[in-house]
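**Q** Please find one structure pasted underneath; my questions will follow.
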Amino acid sequence: MQLPKFLIDFFIYLNDLENESLKRIFEGDFFDIGGVTILCQKFVENNEVLIRKVLPFFKNFLENEDNQRLLLFVKKESINNELSVLYQKLEKQPGKYYEYQIEHKEKELSMLSIKSLRKDAFSIFDEVLSEIESIKDNPDTLTAENYFYFSALDILYEKFKCDKAVERKYTKTNKHDNKLYKYYASLDINIISEDRQFHKYDLLSIDDYEQLVIGFPSRIFDKENNVQFLLDIPERLLSVFRALMDSSEIKQISFLVESEVFFETSEQIFILLGNERPEEPVNLESFRNDMRDNSVTRHVIKKPEEKGVFPLYISAGFFIENNDRSWYFIDKSNIYLEEIIDDYEVLDDCVVTQLIHVEYYTSDSGIFISHIDHEYIFYSYDEFDKRQKDFSQKGSARKRIKTFKID
């Protein structure tokens, strides 16, 4: 999404404010909790920067028809994303509740226009905002028309945040520019020399299952330094890790943490989103029960005389279900599982897949796992096209990013 520098700078400023607010909330200060977006909050406050500088600029910006099309494109994308989530929920839990929401969103999508966005904004202003004292006290600036522009600006801001989150997720920073490194450096701790996994993979090691805080959001709690770091790993998987750590099945574990916001507190505060029943943690029986006859659609055996990236494999091939592919490779000590989903993530210069690597060994007592790690793999578009048919095609568009490692 191409935006003028003025709006980008303003969005960065807003995002910094939101991060500071999030930090205060999870450190026990709930003053900022509310049901409105930060732009709506600033509008109600009659924020001078917003009213005197941003509003005139954005009004002029939105007069351009190309920018109007951009706004509608972003809103359409947002509605489609919401619909995708609702259809998934409906599939898991059929009923009128999700059917009604889907019907409402599809109607919104079919009628989407600048006119409909203006109508929705005016409706919210009249029914919700018009009775607020600050709105009544500033009738010249806090108008329904101006609120429409702020609601339109909010659509672009949400898209900006999503794009930035994806960019952070898939971009490796220089270790000395890493915010985690800088935080520990402020405590006179050189994490590069102290933590071998950070030195090699930018991962933060933990040695105590109590350091794993599971919920929404999940975190690593550094008890010694009284700070919490966010994790972008499903709760189900973290629950398995904690159980294995509790039973001493895992010797060493390390994670890639979200380094944008740290919580300097021992408080473990969670956000409750609805009342849906959480899924049970995955286990071996779940995997066995989910296996389907003939689910492997093609086996590939690498012959000794063939030259290629990989050595001789005992077994290789892929599963296909609902257009999602999972490549697997198995030899006498390694298992590789690479998921290539139908709606795979496409970045400006590459395609992203996910790889699980398992190292195992056998003894008279059975089969034992000695190592597991998860990585994001980045393919150029050409590499990805070849990857669909050739399991030996590697992804080299960007350096791999490891998200967790277990030994």
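Letters A, B, ... mark the chains of the structure tokens in the order given; residue numbers begin at 1 per chain; ligand numbers begin at 1, in order shown.
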So that I can see what lies close to Ile114 (chain A), please list as a ChimeraX atom specification the residues with an atom at most 10 Å from it, counting only C-alpha atoms and leaving out residues fewer than 2 positions away in the same chain.
**A** /A:68-69,71-72,111-112,116-120,148,152
**Q** Might you pull out every residue within 10 Å of Glu264 (chain A), with only C-alpha atoms counted and same-chain residues fewer than 2 positions away left off, and present them as a list in words?
**A**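 Listing them by chain and then by number gives Lys23, Arg24, Phe26, Glu27, Phe221, Asp222, Asn225, Asn226, Val227, Gln228, Phe229, Val261, Phe262, Ser266 and Glu267 of chain A.
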**Q** How far is it from CA of Met245 (chain A) to CA of Thr353 (chain A), in Å with one decimal?
**A** 27.7 Å
**Q** Which polymer residues have any atom within 12 Å of an atom of Asp382 (chain A), counting only C-alpha atoms, with same-chain residues fewer than 4 positions away left out, as an MDAnalysis selection string?
**A** chainID A and resid 349:351 378 386:388 393:397
**Q** How would the residues just picked look written out with C-alpha atoms as a PDB file, in the first residue's frame?
**A**
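Output below, filename selection20.pdb:
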ATOM      1  CA  ASP A 349       9.495 -10.391  -3.343  1.00  0.00           C
ATOM      2  CA  CYS A 350       8.714 -13.947  -2.261  1.00  0.00           C
ATOM      3  CA  VAL A 351       6.365 -16.647  -0.977  1.00  0.00           C
ATOM      4  CA  PHE A 378      11.227 -17.839   1.625  1.00  0.00           C
ATOM      5  CA  LYS A 386       9.282 -25.231  -9.247  1.00  0.00           C
ATOM      6  CA  ARG A 387       8.726 -26.230  -5.608  1.00  0.00           C
ATOM      7  CA  GLN A 388       5.182 -27.350  -6.388  1.00  0.00           C
ATOM      8  CA  GLN A 393      13.881 -27.172  -4.886  1.00  0.00           C
ATOM      9  CA  LYS A 394      15.171 -24.899  -2.110  1.00  0.00           C
ATOM     10  CA  GLY A 395      13.950 -21.444  -1.144  1.00  0.00           C
ATOM     11  CA  SER A 396      16.648 -18.772  -1.172  1.00  0.00           C
ATOM     12  CA  ALA A 397      14.800 -15.453  -1.546  1.00  0.00           C
TER      13      ALA A 397
END
**Q** From the options A:Glu167, A:Asp208, A:Glu145, A:Asp364, which residue's atoms come nearest to Ile124 (chain A), counting only C-alpha atoms?
**A**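 Of A:Glu167, A:Asp208, A:Glu145, A:Asp364, the one nearest Ile124 (chain A), counting only C-alpha atoms, is A:Glu145.
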**Q** Extract, using only C-alpha atoms, all DNA, RNA and protein residues at most 9 Å from Leu238 (chain A), discarding same-chain residues fewer than 2 positions from it, and format them as an MDAnalysis selection string.
**A** chainID A and resid 212:214 218 233:236 240:243 281
**Q** Residues of region 91-175 of chain A in alpha helix (DSSP H) according to DSSP, as a PyMOL selection string?
**A** chain A and resi 91-92+96-110+114-124+133-137+144-169
